[in-house]
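What follows is a single structure, written as structure tokens, with notes after it.
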Amino acid sequence: MARWTRFVLRHRRVVLGVWVVVLLAGGYANSKLTPLLSNTFAVPGTDSDRVRATLERSFGDRPDGSFTAVFRVRNSHDPALYARLQAVVARAARVVPSGKPTKLLVAGPHVVYGDIVSTLSVAQAKGYAVAVLRALGRPPGAQQTYVTGAGPIQHDLDPIFNQDLRHGELEIAIPIALLVLVAVFGISAAVTIPLLFAACTIMGTLGIMYGVAHLATTPTYTTNLVELIGLGLAIDYSLLVVYRFREELARGRDRDDAVVRTMETAGRAVVFSGAAVALGLLLLVAMPLPFMRMMGVAGFLIPVVSVAAAATLQPALLSLYGRRGVARKRILPGEPVDAERGMWARLARQIMRRPFAFLVGGVAILLAAATPLLWLKLTPGSTYGIPRTPQSIRGFDVLQRAVGPGAVAPAQVLVGAPSVRTPAVQAAIGRLVASVRRDPEVAAVYSGTHGRYVDPGGAFEQVVIAGRHDYGFPQEQAFVHRLRRTLVPAARFPAGTTVLVGGAPGQGVDFLARAYKYFPPLIAAVLVLTYFLLARAFRSLLLPLKAVLLNLLSVGAAYGMLVVVFKWGVGHALFGLYQFGQVEGWIPIFLFAMLFGLSMDYEVFIVTRMREAWDATHDNTTAVAHGLERTGRIITAAAVIMCAAFSGFIAGRIVGLQEFGLGLAVAVFVDATLVRSLLVPSLMAILGRWNWWLPGPLARLVRVQPSPLAPRLR
């Protein structure tokens with residue numbers, strides 16, 4: 001690290017120039033990124049994905065590329081009005097590439113609706129939402145016209161995502177970050193270093209994601225994820241390094257020597273911390289789910305770019321600012337130069353005198369917070385956790401009141417045979433339709449032997465089933481299981497016939513099943529790899545194990561609070577958040593991968609300082625007290641900034657991001673307060689000299705020097 005830092009300092013002008021280019025190029029790419037983003041939950045290799053592929057290939061009908069036209073009318077049974085609306089939909093279909101109108105359906109006395117099917121992806125379809133709505137207009141006899149469906153809904157949500165992001169950044173995260181930075185650094189130009197660092201890393205990450213979005217479907221959440229998590233992570237890393245740089249200058253080192261020493265200590269901690277964050281998120285890339293994989297890519301790039309900037313931009317900025325640039329003017333009269341000295345050391349020694357009491361009390365609190373996890377229920381997604389004001393959502397609401405939520409996201413049963421028009425196949429389809437109509441979850445069933453229901457070759461026929469609940473609700477998921485396990489087999493299709501259940505409800509069931517099939521191996525991989533990474537960072541056998549176990553408790557507490565706040569309605573009562581009985585299925589997985597790395601941040605920061613003191617004194621009490629004293633204030637400040645950044649998610653209007661932000665904020669708060677301030681010192685007091693033991697075989701495995709067991713102090 002010292003050699004690398006000196007190399008960077010020799011070429012500081014080039015390094016700064018490169019990051020200016022990254023900042024400008026990333027800003028331009030970010031302005032072009034939104035139209036490329038869309039949320040899709042396809043699950044390759046499953047029944048629902050085979051249905052999707054067959055409908056697109058043989059019917060020219062991709063469900064997530066369809067537009068549903070909804071008309072509120074005075075009299076839906078007026079033949080002249082019906083014909084006029086059918087002609088309007090046919091005309092609007094011409095503005096959509098590969099668009100084909102379907103026969104309009106009557107949904108009660110005042111609602112008529114129908115689809116324009118296409119082979120467009122969601123990202124492509126949302127680009128035509130305005131054109132379709134304009135082409136439909138408001139025909140004579142129609143009181144109101146709406147266009148809904150996956151593409152139009154995503155089109156209308158894009159500005160909401162952007163508005164929420166600006167609100168979260170400009171009104172919450174950045175003002176709080178500034179206040180904390182001023183409190184830590186005083187009135188000083190040093191306050192601007194973390195903000196410059198964050199701007200460069202965020203724009204660098206978004207620039208890379210702009211390229212990635214041209215190669216693969218990238219989730220709509222990407223921009224919010226990168227900007228808010230990137231802000232918290234980058235400011236945390238830069239805060240730690242700048243603070244250490246001040247310490248080294250205070251010891252009398254000249255500017256460049258102080259930069260080198262800072263990067264050898266705090267810089268090394270940042271690299272290990274960023275690697276821990278990146279590690280868990282990188283494993284998401286191995287999951288066979290495009291949505292999770294691309295979320296993993298975006299999350300992985302945030303710490304990777306932050307570490308790259310910490311190793312290059314950060315030392316160049318420290319050298320540029322120098323002693324004068326980071327000099328501090330105290331805010332309060334009589335404030336000591338080192339405001340943290342003494343308080344955190346006294347806390348550490350008090351804990352270490354009664355370690356078992358603090359340990360039992362802290363663990364009991366975490367277990368109590370995690371207990372509501374037993375009531376956690378998952379959903380693949382829902383249209384209910386979003387604002388109801390956009391026209392596409394109002395159209396959805398009109399239709400779901402008339403027919404049911406499944407009218408926009410129905411289940412689709414695809415029957416395949418050499419010829420689906422044979423009497424035996426038609427008889428089986430008739431039995432299936434009759435039994436499905438009797439199911440209490442079914443609002444409407446649409447089928448036939450012509451039009452959109454049978455492909456031109458007669459090899460496939462689809463039955464469209466509108467449910468009474470949204471596709472992600474437990475009732476609709478249970479119906480998919482009944483359909484697959486009971487209703488389809490009971491229809492007695494002839495030999496040689498394939499029957500697959502897809503559509504949004506089937507895709508949602510497949511998404512949860514596939515995701516949680518691979519979640520346990522992901523957990524195991526993250527635990528093992530994190531252990532070895534921390535063993536190298538701490539040069540200890542037991543400290544990484546302690547860190548892993550405490551982090552599991554932090555993650556469990558975050559899961560439990562999701563149930564309390566969203567399912568049990570505490571967040572709605574206190575803050576007006578959504579009250580929703582389920583948590584979106586991607587959130588526990590992504591939270592685990594992200595939190596395990598983020599939780600390691602503070603572990604690495606505090607334990608590396610303790611390790612420095614141990615190597616110098618070989619006194620465990622002194623080492624723990626010194627580490628907590630030197631990092632307690634800065635970790636608290638970093639946690640406040642991180643929680644402020646995550647509050648930007650909570651302040652938004654999308655329930656999935658509210659859940660995600662709350663989980664992150666709870667875990668970071670718990671980790672920086674209860675875990676790092678109480679449980680870490682108490683456990684280290686109990687372990688004593690065993691904290692710092694690293695036997696030779698493990699040391700060779702992680703490629704560091706062994707750390708012999710210190711003799712027992714008398």
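Ordering of the structure tokens sets the chain letters (A, B, ...); residue numbers start at 1 within each chain; ligands are numbered from 1 in the order shown.
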request  = Pick out each residue of segment 209-384 of chain A that DSSP on the backbone tags as strand (DSSP E or B); I need them as an NGL selection string.
outcome  = :A and (218 or 329 or 378-379)
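Using only C-alpha atoms, the shortest contact distance between Ala537 of chain A and any of A:Leu628, A:Ala685, A:Met600, A:Ala357 is found at A:Met600.
You can rank A:Val413, A:Leu562, A:Ala637, A:Leu549 by their closest distance to Tyr531 of chain A using only C-alpha atoms, and at the top of that list sits A:Leu549.
Take the candidates A:Arg50, A:His155, A:Arg539, A:Arg676 and check each one against Pro706 of chain A using only C-alpha atoms; the shortest distance goes to A:Arg539.
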note = Restricting to only C-alpha atoms, whichever of A:Ala491, A:Val305, A:Ala665, A:Leu33 is closest to Asn162 of chain A is A:Leu33
